[in-house]
file query.pdb (PDB, C-alpha atoms and all ligand atoms)
ATOM      1  CA  MET K  14      23.119 -13.064  -9.689
ATOM      2  CA  LYS K  15      23.736 -13.446  -5.950
ATOM      3  CA  PHE K  16      22.142 -11.169  -3.351
ATOM      4  CA  ALA K  17      23.217  -9.882   0.043
ATOM      5  CA  GLN K  18      22.253  -7.468   2.774
ATOM      6  CA  LEU K  19      25.063  -5.906   4.773
ATOM      7  CA  VAL K  20      23.463  -5.233   8.152
ATOM      8  CA  VAL K  21      25.358  -2.423   9.895
ATOM      9  CA  GLY K  22      24.756   0.241  12.529
ATOM     10  CA  PRO K  23      25.848   1.340  15.996
ATOM     11  CA  ALA K  24      26.367  -1.090  18.902
ATOM     12  CA  GLY K  25      23.108  -2.486  20.206
ATOM     13  CA  SER K  26      21.021  -0.952  17.425
ATOM     14  CA  GLY K  27      19.328  -4.295  16.732
ATOM     15  CA  LYS K  28      21.375  -5.736  13.847
ATOM     16  CA  SER K  29      21.383  -9.342  15.080
ATOM     17  CA  THR K  30      17.687  -9.147  15.983
ATOM     18  CA  TYR K  31      16.994  -7.766  12.512
ATOM     19  CA  CYS K  32      18.828 -10.732  10.934
ATOM     20  CA  GLU K  33      16.895 -13.138  13.140
ATOM     21  CA  THR K  34      13.610 -11.458  12.158
ATOM     22  CA  ILE K  35      14.277 -11.584   8.422
ATOM     23  CA  LYS K  36      15.581 -15.155   8.662
ATOM     24  CA  ASN K  37      12.443 -16.307  10.523
ATOM     25  CA  HIS K  38      10.167 -14.441   8.151
ATOM     26  CA  CYS K  39      11.845 -15.954   5.093
ATOM     27  CA  ASP K  40      11.776 -19.454   6.600
ATOM     28  CA  ALA K  41       8.047 -19.008   7.198
ATOM     29  CA  ILE K  42       7.368 -18.069   3.577
ATOM     30  CA  ASN K  43       9.702 -20.754   2.262
ATOM     31  CA  ARG K  44      12.273 -18.358   0.944
ATOM     32  CA  SER K  45      15.902 -19.382   1.210
ATOM     33  CA  VAL K  46      18.128 -16.986   3.180
ATOM     34  CA  HIS K  47      21.394 -17.667   5.041
ATOM     35  CA  VAL K  48      23.000 -15.576   7.745
ATOM     36  CA  VAL K  49      26.740 -14.880   7.912
ATOM     37  CA  ASN K  50      28.176 -13.683  11.209
ATOM     38  CA  LEU K  51      30.944 -11.111  10.731
ATOM     39  CA  ASP K  52      31.150 -10.131  14.394
ATOM     40  CA  PRO K  53      34.218 -11.746  16.031
ATOM     41  CA  ALA K  54      32.915 -10.612  19.444
ATOM     42  CA  ALA K  55      29.493 -12.231  19.112
ATOM     43  CA  GLU K  56      28.503 -14.652  21.838
ATOM     44  CA  GLU K  57      25.313 -16.395  20.890
ATOM     45  CA  PHE K  58      22.770 -16.314  18.120
ATOM     46  CA  LYS K  59      19.061 -16.862  17.869
ATOM     47  CA  TYR K  60      19.390 -17.899  14.232
ATOM     48  CA  PRO K  61      21.387 -20.636  12.522
ATOM     49  CA  VAL K  62      24.772 -19.232  11.482
ATOM     50  CA  SER K  63      25.786 -20.488   8.040
ATOM     51  CA  VAL K  64      29.228 -18.874   7.910
ATOM     52  CA  ASP K  65      30.944 -17.592  11.047
ATOM     53  CA  VAL K  66      33.963 -15.254  11.220
ATOM     54  CA  ARG K  67      34.710 -16.775  14.623
ATOM     55  CA  ASP K  68      35.929 -19.862  12.769
ATOM     56  CA  LEU K  69      38.689 -17.589  11.471
ATOM     57  CA  ILE K  70      39.343 -15.417  14.512
ATOM     58  CA  THR K  71      37.665 -14.492  17.805
ATOM     59  CA  LEU K  72      37.923 -11.342  19.877
ATOM     60  CA  ASP K  73      38.652 -13.316  23.060
ATOM     61  CA  ASP K  74      41.704 -15.005  21.545
ATOM     62  CA  VAL K  75      43.059 -11.742  20.160
ATOM     63  CA  MET K  76      42.594  -9.891  23.457
ATOM     64  CA  GLN K  77      44.355 -12.649  25.366
ATOM     65  CA  GLU K  78      47.185 -13.313  22.986
ATOM     66  CA  LEU K  79      47.958  -9.746  21.963
ATOM     67  CA  GLN K  80      47.002  -8.052  25.241
ATOM     68  CA  LEU K  81      44.576  -5.738  23.454
ATOM     69  CA  GLY K  82      41.421  -4.091  24.799
ATOM     70  CA  PRO K  83      38.014  -4.788  23.229
ATOM     71  CA  ASN K  84      38.129  -1.986  20.650
ATOM     72  CA  GLY K  85      41.746  -2.479  19.569
ATOM     73  CA  GLY K  86      41.077  -6.219  19.522
ATOM     74  CA  LEU K  87      38.035  -5.856  17.305
ATOM     75  CA  LEU K  88      39.941  -3.688  14.852
ATOM     76  CA  TYR K  89      42.746  -6.269  14.785
ATOM     77  CA  CYS K  90      40.179  -9.001  14.035
ATOM     78  CA  MET K  91      38.658  -7.005  11.193
ATOM     79  CA  GLU K  92      42.056  -6.231   9.687
ATOM     80  CA  TYR K  93      42.844  -9.928   9.915
ATOM     81  CA  LEU K  94      39.606 -10.652   8.060
ATOM     82  CA  GLU K  95      40.559  -8.046   5.449
ATOM     83  CA  ASP K  96      43.906  -9.811   4.945
ATOM     84  CA  ASN K  97      42.166 -13.186   4.607
ATOM     85  CA  LEU K  98      39.188 -12.149   2.488
ATOM     86  CA  GLU K  99      39.910 -14.261  -0.547
ATOM     87  CA  GLU K 100      41.454 -17.174   1.249
ATOM     88  CA  TRP K 101      38.910 -17.586   4.030
ATOM     89  CA  LEU K 102      35.688 -15.760   3.173
ATOM     90  CA  GLY K 103      36.051 -16.404  -0.545
ATOM     91  CA  ALA K 104      36.367 -20.127   0.159
ATOM     92  CA  GLU K 105      33.372 -20.099   2.523
ATOM     93  CA  LEU K 106      31.220 -18.239   0.002
ATOM     94  CA  GLN K 107      32.044 -20.736  -2.743
ATOM     95  CA  ALA K 108      29.152 -22.781  -1.384
ATOM     96  CA  TYR K 109      26.720 -20.072  -2.561
ATOM     97  CA  GLY K 110      25.723 -19.371  -6.110
ATOM     98  CA  ASP K 111      22.982 -18.088  -8.377
ATOM     99  CA  ASP K 112      19.916 -16.692  -6.609
ATOM    100  CA  ASP K 113      21.345 -17.265  -3.132
ATOM    101  CA  TYR K 114      20.549 -14.556  -0.601
ATOM    102  CA  LEU K 115      22.787 -13.786   2.395
ATOM    103  CA  LEU K 116      22.454 -11.527   5.418
ATOM    104  CA  PHE K 117      25.767 -10.319   6.847
ATOM    105  CA  ASP K 118      25.405  -9.555  10.557
ATOM    106  CA  CYS K 119      28.182  -7.021  11.214
ATOM    107  CA  PRO K 120      29.895  -5.650  14.347
ATOM    108  CA  GLY K 121      28.659  -2.423  15.956
ATOM    109  CA  GLN K 122      31.807  -0.270  15.781
ATOM    110  CA  ILE K 123      30.689   2.581  13.542
ATOM    111  CA  GLU K 124      34.229   3.555  12.593
ATOM    112  CA  LEU K 125      34.255   0.350  10.518
ATOM    113  CA  TYR K 126      31.716   1.901   8.153
ATOM    114  CA  SER K 127      32.863   5.487   8.140
ATOM    115  CA  HIS K 128      36.622   5.706   7.694
ATOM    116  CA  LEU K 129      38.337   2.314   8.060
ATOM    117  CA  SER K 130      39.078   0.365   4.912
ATOM    118  CA  VAL K 131      37.962  -3.139   5.862
ATOM    119  CA  PHE K 132      34.317  -2.879   4.824
ATOM    120  CA  LYS K 133      35.162  -0.996   1.664
ATOM    121  CA  THR K 134      37.586  -3.782   0.721
ATOM    122  CA  PHE K 135      34.996  -6.367   1.693
ATOM    123  CA  VAL K 136      32.238  -4.736  -0.367
ATOM    124  CA  ASP K 137      34.504  -4.323  -3.400
ATOM    125  CA  TYR K 138      35.420  -7.980  -3.112
ATOM    126  CA  LEU K 139      31.772  -9.078  -2.959
ATOM    127  CA  LYS K 140      30.873  -6.876  -5.937
ATOM    128  CA  ARG K 141      33.685  -8.384  -8.014
ATOM    129  CA  ASP K 142      32.421 -11.800  -6.982
ATOM    130  CA  GLY K 143      28.985 -11.018  -8.478
ATOM    131  CA  TRP K 144      26.974 -10.097  -5.384
ATOM    132  CA  GLN K 145      24.233  -7.465  -5.506
ATOM    133  CA  ILE K 146      24.449  -5.790  -2.109
ATOM    134  CA  CYS K 147      22.256  -3.456  -0.095
ATOM    135  CA  VAL K 148      23.408  -1.782   3.107
ATOM    136  CA  ILE K 149      20.855  -1.948   5.910
ATOM    137  CA  TYR K 150      21.666   0.784   8.389
ATOM    138  CA  CYS K 151      19.974   0.039  11.719
ATOM    139  CA  LEU K 152      19.211   2.944  14.008
ATOM    140  CA  ASP K 153      17.377   2.561  17.319
ATOM    141  CA  SER K 154      13.943   4.274  17.155
ATOM    142  CA  GLN K 155      14.827   5.974  20.419
ATOM    143  CA  PHE K 156      17.135   8.203  18.373
ATOM    144  CA  THR K 157      14.037   9.921  16.997
ATOM    145  CA  SER K 158      13.016  11.196  20.423
ATOM    146  CA  GLU K 159      15.453  14.121  20.224
ATOM    147  CA  MET K 160      16.348  15.873  17.000
ATOM    148  CA  PRO K 161      20.090  16.386  17.770
ATOM    149  CA  LYS K 162      20.395  12.662  18.483
ATOM    150  CA  PHE K 163      18.548  11.753  15.310
ATOM    151  CA  ILE K 164      20.723  14.071  13.228
ATOM    152  CA  ALA K 165      23.877  12.543  14.753
ATOM    153  CA  GLY K 166      22.614   9.063  13.842
ATOM    154  CA  THR K 167      21.719  10.212  10.365
ATOM    155  CA  LEU K 168      25.164  11.718   9.760
ATOM    156  CA  GLN K 169      26.712   8.377  10.738
ATOM    157  CA  ALA K 170      24.402   6.609   8.297
ATOM    158  CA  LEU K 171      25.374   9.148   5.641
ATOM    159  CA  SER K 172      29.082   8.519   6.161
ATOM    160  CA  ALA K 173      28.463   4.767   5.680
ATOM    161  CA  MET K 174      26.558   5.535   2.500
ATOM    162  CA  VAL K 175      29.305   7.734   1.105
ATOM    163  CA  GLN K 176      32.055   5.281   2.073
ATOM    164  CA  LEU K 177      30.408   2.092   0.819
ATOM    165  CA  GLU K 178      28.663   3.462  -2.304
ATOM    166  CA  LEU K 179      25.858   0.904  -2.308
ATOM    167  CA  PRO K 180      22.067   0.944  -2.341
ATOM    168  CA  HIS K 181      21.190   1.925   1.188
ATOM    169  CA  VAL K 182      18.111   1.425   3.355
ATOM    170  CA  ASN K 183      17.870   3.017   6.783
ATOM    171  CA  VAL K 184      15.820   1.110   9.322
ATOM    172  CA  LEU K 185      14.381   2.430  12.573
ATOM    173  CA  THR K 186      14.557  -0.659  14.751
ATOM    174  CA  LYS K 187      12.677  -1.488  17.957
ATOM    175  CA  ALA K 188       9.508   0.242  16.721
ATOM    176  CA  ASP K 189       7.541  -2.034  19.066
ATOM    177  CA  LEU K 190       9.048  -0.100  21.999
ATOM    178  CA  CYS K 191       8.050   3.274  20.589
ATOM    179  CA  LYS K 192       4.881   4.783  22.033
ATOM    180  CA  ASP K 193       4.411   7.396  19.314
ATOM    181  CA  LYS K 194       3.889   5.153  16.256
ATOM    182  CA  GLN K 195       2.511   8.012  14.191
ATOM    183  CA  GLY K 196       5.529  10.169  15.032
ATOM    184  CA  LEU K 197       7.835   7.376  13.873
ATOM    185  CA  GLU K 198       6.040   7.235  10.520
ATOM    186  CA  GLY K 199       7.003  10.891  10.077
ATOM    187  CA  PHE K 200      10.673   9.836   9.748
ATOM    188  CA  ARG K 201      10.016   8.058   6.456
ATOM    189  CA  PHE K 202      10.321  11.430   4.718
ATOM    190  CA  PRO K 203      11.176  14.016   7.350
ATOM    191  CA  ASP K 204      10.551  17.616   6.424
ATOM    192  CA  PRO K 205      13.872  19.551   6.383
ATOM    193  CA  MET K 206      12.204  22.745   7.624
ATOM    194  CA  GLU K 207      10.741  20.911  10.557
ATOM    195  CA  MET K 208      14.071  19.250  11.359
ATOM    196  CA  ARG K 209      15.779  22.616  11.406
ATOM    197  CA  HIS K 210      13.058  24.102  13.555
ATOM    198  CA  GLU K 211      13.388  21.249  16.068
ATOM    199  CA  LEU K 212      17.192  21.533  16.067
ATOM    200  CA  ASP K 213      17.031  25.279  16.628
ATOM    201  CA  LYS K 214      14.692  24.744  19.561
ATOM    202  CA  GLN K 215      17.135  22.366  21.238
ATOM    203  CA  THR K 216      20.413  24.175  20.578
ATOM    204  CA  GLY K 217      21.710  27.673  21.377
ATOM    205  CA  PRO K 218      21.297  30.564  18.887
ATOM    206  CA  HIS K 219      24.973  30.368  17.864
ATOM    207  CA  PHE K 220      24.214  26.929  16.354
ATOM    208  CA  ARG K 221      21.691  28.277  13.849
ATOM    209  CA  ARG K 222      24.059  28.479  10.887
ATOM    210  CA  LEU K 223      25.481  25.043  11.629
ATOM    211  CA  ASN K 224      21.967  23.593  11.957
ATOM    212  CA  ASP K 225      21.082  25.180   8.641
ATOM    213  CA  ALA K 226      24.137  23.707   6.935
ATOM    214  CA  VAL K 227      23.660  20.215   8.374
ATOM    215  CA  VAL K 228      19.993  20.014   7.412
ATOM    216  CA  GLN K 229      20.828  21.358   3.952
ATOM    217  CA  LEU K 230      23.489  18.655   3.574
ATOM    218  CA  LEU K 231      21.065  15.898   4.533
ATOM    219  CA  ASP K 232      18.456  17.335   2.209
ATOM    220  CA  ASP K 233      20.945  17.495  -0.683
ATOM    221  CA  PHE K 234      21.791  13.818  -0.264
ATOM    222  CA  ALA K 235      18.076  13.014  -0.201
ATOM    223  CA  MET K 236      18.748  10.117   2.100
ATOM    224  CA  VAL K 237      17.091  11.079   5.339
ATOM    225  CA  THR K 238      14.464   8.424   4.823
ATOM    226  CA  PHE K 239      13.936   5.814   7.503
ATOM    227  CA  THR K 240      11.678   2.792   7.429
ATOM    228  CA  PRO K 241      10.360   1.765  10.849
ATOM    229  CA  LEU K 242      10.541  -1.940  11.664
ATOM    230  CA  ASP K 243       8.240  -3.550  14.194
ATOM    231  CA  VAL K 244       9.471  -7.122  14.546
ATOM    232  CA  ASN K 245       6.093  -8.188  15.954
ATOM    233  CA  ASP K 246       4.215  -6.997  12.892
ATOM    234  CA  GLU K 247       4.473  -9.237   9.821
ATOM    235  CA  GLU K 248       3.264  -6.455   7.531
ATOM    236  CA  SER K 249       6.044  -4.163   8.709
ATOM    237  CA  ILE K 250       8.636  -6.887   8.018
ATOM    238  CA  GLU K 251       7.167  -7.673   4.609
ATOM    239  CA  GLU K 252       7.085  -4.056   3.531
ATOM    240  CA  LEU K 253      10.696  -3.461   4.537
ATOM    241  CA  LEU K 254      11.894  -6.620   2.801
ATOM    242  CA  LEU K 255      10.128  -5.568  -0.382
ATOM    243  CA  GLN K 256      11.831  -2.185  -0.260
ATOM    244  CA  ILE K 257      15.236  -3.886   0.114
ATOM    245  CA  ASP K 258      14.508  -6.436  -2.610
ATOM    246  CA  MET K 259      13.699  -3.555  -4.933
ATOM    247  CA  ALA K 260      16.948  -1.813  -4.025
ATOM    248  CA  ILE K 261      18.982  -4.888  -5.039
ATOM    249  CA  GLN K 262      16.666  -5.898  -7.857
ATOM    250  CA  TYR K 263      15.834  -9.225  -6.311
ATOM    251  CA  GLY K 264      12.819 -10.870  -7.923
ATOM    252  CA  GLU K 265      11.375 -11.635 -11.291
ATOM    253  CA  ASP K 266      10.054  -8.364 -12.574
ATOM    254  CA  GLN K 267      13.481  -6.844 -13.174
ATOM    255  CA  GLU K 268      12.434  -4.053 -15.514
ATOM    256  CA  VAL K 269       9.919  -2.448 -13.216
ATOM    257  CA  LYS K 270      12.307  -2.717 -10.307
ATOM    258  CA  THR K 271      15.172  -1.013 -12.140
ATOM    259  CA  GLN K 272      12.848   1.863 -12.908
ATOM    260  CA  GLU K 273      11.825   2.275  -9.277
ATOM    261  CA  LEU K 274      15.412   2.068  -8.023
ATOM    262  CA  GLY K 275      16.383   4.814 -10.462
ATOM    263  CA  ASP K 276      13.679   7.024  -9.016
ATOM    264  CA  MET K 277      14.814   6.437  -5.457
ATOM    265  CA  TYR K 278      18.462   7.400  -5.478
ATOM    266  CA  ASP K 279      21.203   7.583  -8.018
ATOM    267  CA  PRO K 280      24.641   7.985  -6.371
ATOM    268  CA  GLU K 281      26.219   8.908  -9.700
ATOM    269  CA  GLY K 282      23.451  11.285 -10.720
ATOM    270  CA  ASP K 283      23.929  14.995 -11.272
ATOM    271  CA  GLU K 284      22.205  16.182  -8.154
TER     272      GLU K 284
HETATM  273  N1  LIG O 301      11.811  -4.824  22.009
HETATM  274  C1  LIG O 301      12.779  -4.959  21.092
HETATM  275  N2  LIG O 301      14.057  -5.141  21.499
HETATM  276  C2  LIG O 301      15.007  -5.267  20.556
HETATM  277  C3  LIG O 301      14.709  -5.189  19.178
HETATM  278  N3  LIG O 301      15.860  -5.317  18.467
HETATM  279  C4  LIG O 301      16.835  -5.485  19.391
HETATM  280  N4  LIG O 301      16.329  -5.451  20.643
HETATM  281  C5  LIG O 301      17.096  -5.601  21.889
HETATM  282  O1  LIG O 301      18.188  -4.696  21.873
HETATM  283  C6  LIG O 301      19.384  -5.334  22.349
HETATM  284  C7  LIG O 301      20.449  -5.317  21.266
HETATM  285  O2  LIG O 301      19.980  -6.057  20.153
HETATM  286  P1  LIG O 301      20.945  -6.794  19.128
HETATM  287  O3  LIG O 301      20.076  -7.341  18.069
HETATM  288  O4  LIG O 301      21.843  -7.720  19.842
HETATM  289  O5  LIG O 301      21.761  -5.540  18.617
HETATM  290  P2  LIG O 301      23.102  -5.546  17.745
HETATM  291  O6  LIG O 301      23.057  -4.315  16.909
HETATM  292  O7  LIG O 301      23.263  -6.846  17.053
HETATM  293  O8  LIG O 301      24.204  -5.373  18.871
HETATM  294  P3  LIG O 301      25.800  -5.537  18.702
HETATM  295  O9  LIG O 301      26.027  -6.700  17.794
HETATM  296  O10 LIG O 301      26.274  -5.758  20.098
HETATM  297  O11 LIG O 301      26.286  -4.241  18.134
HETATM  298  C8  LIG O 301      18.967  -6.740  22.761
HETATM  299  O12 LIG O 301      18.689  -6.715  24.142
HETATM  300  C9  LIG O 301      17.707  -6.989  21.958
HETATM  301  O13 LIG O 301      16.847  -7.892  22.597
HETATM  302  C10 LIG O 301      13.339  -4.975  18.787
HETATM  303  O14 LIG O 301      12.975  -4.881  17.606
HETATM  304  N5  LIG O 301      12.431  -4.866  19.786
HETATM  305 MG    MG O 302      24.878  -8.201  16.995
END

call {"tool": "encode", "arguments": {"input": "query.pdb", "output": "structure tokens", "more": "lines below"}}
Ligand SMILES: Nc1nc2c(ncn2[C@@H]2O[C@H](COP(=O)(O)OP(=O)(O)OP(=O)(O)O)[C@@H](O)[C@H]2O)c(=O)[nH]1
Ligand SMILES: [Mg+2]
result
Amino acid sequence: MKFAQLVVGPAGSGKSTYCETIKNHCDAINRSVHVVNLDPAAEEFKYPVSVDVRDLITLDDVMQELQLGPNGGLLYCMEYLEDNLEEWLGAELQAYGDDDYLLFDCPGQIELYSHLSVFKTFVDYLKRDGWQICVIYCLDSQFTSEMPKFIAGTLQALSAMVQLELPHVNVLTKADLCKDKQGLEGFRFPDPMEMRHELDKQTGPHFRRLNDAVVQLLDDFAMVTFTPLDVNDEESIEELLLQIDMAIQYGEDQEVKTQELGDMYDPEGDE
């Protein structure tokens, strides 16, 4: 079995820093992890890049040659990657086999994870190729400072979850910048009643029914759980990595882990 984390989330949410953090942590504990850059617009990295989409195509070249803006250019790059999945990425990934563990550092355009086909195609390809994948959805902790903002971020995470149909871990990044550490902990299992109350306080009365419906939706999907990550705190990194390892059944004690994953979330379950 081969293992991978697909690190996604809005622009600037801390995806590349997350990859750097996990890579450094794993190096320190002698655990082998490789990072794949899937962002054709990336400029520099603070971690060694094992496979780089910029060897296939770069945003700069596309913008120059096709006279496209940054967003159109990025979408062109990703469609180009989609068309060359087997030929290019497949060949690059040949170097990895049993028990290898990859982190895919992805671009920050959220439409890639909600309604465009490239990541769906990519994920289906990886699954067929024998990879166990977990989506890591990075959301800036600052999103928790206002409930409407948090809900918007959560709905984006939900659309990625529905589109990609994979084990999914939401991460509140940049916890070191957050003054209210205790408050952040409260987002691990937010109380739907409290979310609705906060939303109602910050929106006009004519939003009540919508607020109700949105919170109900999030509650039904049982996925409004967020794990804070403080990159300066080894314990925080360790705990998050363990949660992800359990979600993709990485490790020796497979039986116990399957049991715990089943308890967490079953996308094909009845509820
Ligand atoms: N203090 C602090 N800053 C962070 C953390 N994570 C990211 N940042 C900062 O936030 C900015 C964006 O971080 P990146 O890791 O590049 O975010 P990204 O999601 O990869 O961004 P794009 O690839 O452009 O979408 C940078 O200035 C980082 O230094 C964190 O955990 N703590
Ligand atoms: Mg990045």

call {"tool": "residues_around", "arguments": {"input": "query.pdb", "residues": "segment 21-28 of chain K", "least_positions_apart": "5", "cutoff": "12 Å", "atoms": "only C-alpha atoms", "output": "PyMOL selection string"}}
result
chain K and resi 33-35+48+50-52+54-55+58+84+116-127+132+147-156+165-174+177+181-188+242-244

call {"tool": "closest_residue", "arguments": {"input": "query.pdb", "among": "K:Lys162, K:Arg209, K:Arg44, K:Lys59", "to": "ligand MG 302 (chain O)", "atoms": "all atoms listed in the file"}}
result
K:Lys59

call {"tool": "residues_around", "arguments": {"input": "query.pdb", "residues": "Met76 of chain K", "least_positions_apart": "2", "cutoff": "12 Å", "atoms": "all atoms listed in the file", "output": "mmCIF file with C-alpha atoms, keeping the file's coordinate frame"}}
result
data_model
loop_
_atom_site.group_PDB
_atom_site.id
_atom_site.type_symbol
_atom_site.label_atom_id
_atom_site.label_comp_id
_atom_site.auth_asym_id
_atom_site.auth_seq_id
_atom_site.Cartn_x
_atom_site.Cartn_y
_atom_site.Cartn_z
ATOM 1 C CA PRO K 53 34.218 -11.746 16.031
ATOM 2 C CA ALA K 54 32.915 -10.612 19.444
ATOM 3 C CA ILE K 70 39.343 -15.417 14.512
ATOM 4 C CA THR K 71 37.665 -14.492 17.805
ATOM 5 C CA LEU K 72 37.923 -11.342 19.877
ATOM 6 C CA ASP K 73 38.652 -13.316 23.060
ATOM 7 C CA ASP K 74 41.704 -15.005 21.545
ATOM 8 C CA GLU K 78 47.185 -13.313 22.986
ATOM 9 C CA LEU K 79 47.958 -9.746 21.963
ATOM 10 C CA GLN K 80 47.002 -8.052 25.241
ATOM 11 C CA LEU K 81 44.576 -5.738 23.454
ATOM 12 C CA GLY K 82 41.421 -4.091 24.799
ATOM 13 C CA PRO K 83 38.014 -4.788 23.229
ATOM 14 C CA ASN K 84 38.129 -1.986 20.650
ATOM 15 C CA GLY K 85 41.746 -2.479 19.569
ATOM 16 C CA GLY K 86 41.077 -6.219 19.522
ATOM 17 C CA LEU K 87 38.035 -5.856 17.305
ATOM 18 C CA LEU K 88 39.941 -3.688 14.852
ATOM 19 C CA TYR K 89 42.746 -6.269 14.785
ATOM 20 C CA CYS K 90 40.179 -9.001 14.035
#

call {"tool": "axis_aligned_box", "arguments": {"input": "query.pdb", "around": "ligand LIG 301 (chain O)", "padding_each_side": "4 Å", "output": "JSON"}}
result
{"center_x": 19.0, "center_y": -6.1, "center_z": 20.5, "size_x": 22.5, "size_y": 11.7, "size_z": 15.2}

call {"tool": "atom_distance", "arguments": {"input": "query.pdb", "atom1": "atom CA of Asn37 of chain K", "atom2": "atom CA of Gln262 of chain K"}}
result
21.5 Å

call {"tool": "resolve_selection", "arguments": {"input": "query.pdb", "expression": "the PyMOL selection byres (((chain K and resi 237) around 7) and not hetatm)", "output": "number ranges by chain"}}
result
K: 167, 202-203, 231, 235-236, 238-239

call {"tool": "write_last_selection", "arguments": {"input": "query.pdb", "atoms": "C-alpha atoms", "output": "PDB file, in the frame of the given file"}}
result
ATOM      1  CA  THR K 167      21.719  10.212  10.365  1.00  0.00           C
ATOM      2  CA  PHE K 202      10.321  11.430   4.718  1.00  0.00           C
ATOM      3  CA  PRO K 203      11.176  14.016   7.350  1.00  0.00           C
ATOM      4  CA  LEU K 231      21.065  15.898   4.533  1.00  0.00           C
ATOM      5  CA  ALA K 235      18.076  13.014  -0.201  1.00  0.00           C
ATOM      6  CA  MET K 236      18.748  10.117   2.100  1.00  0.00           C
ATOM      7  CA  THR K 238      14.464   8.424   4.823  1.00  0.00           C
ATOM      8  CA  PHE K 239      13.936   5.814   7.503  1.00  0.00           C
TER       9      PHE K 239
END
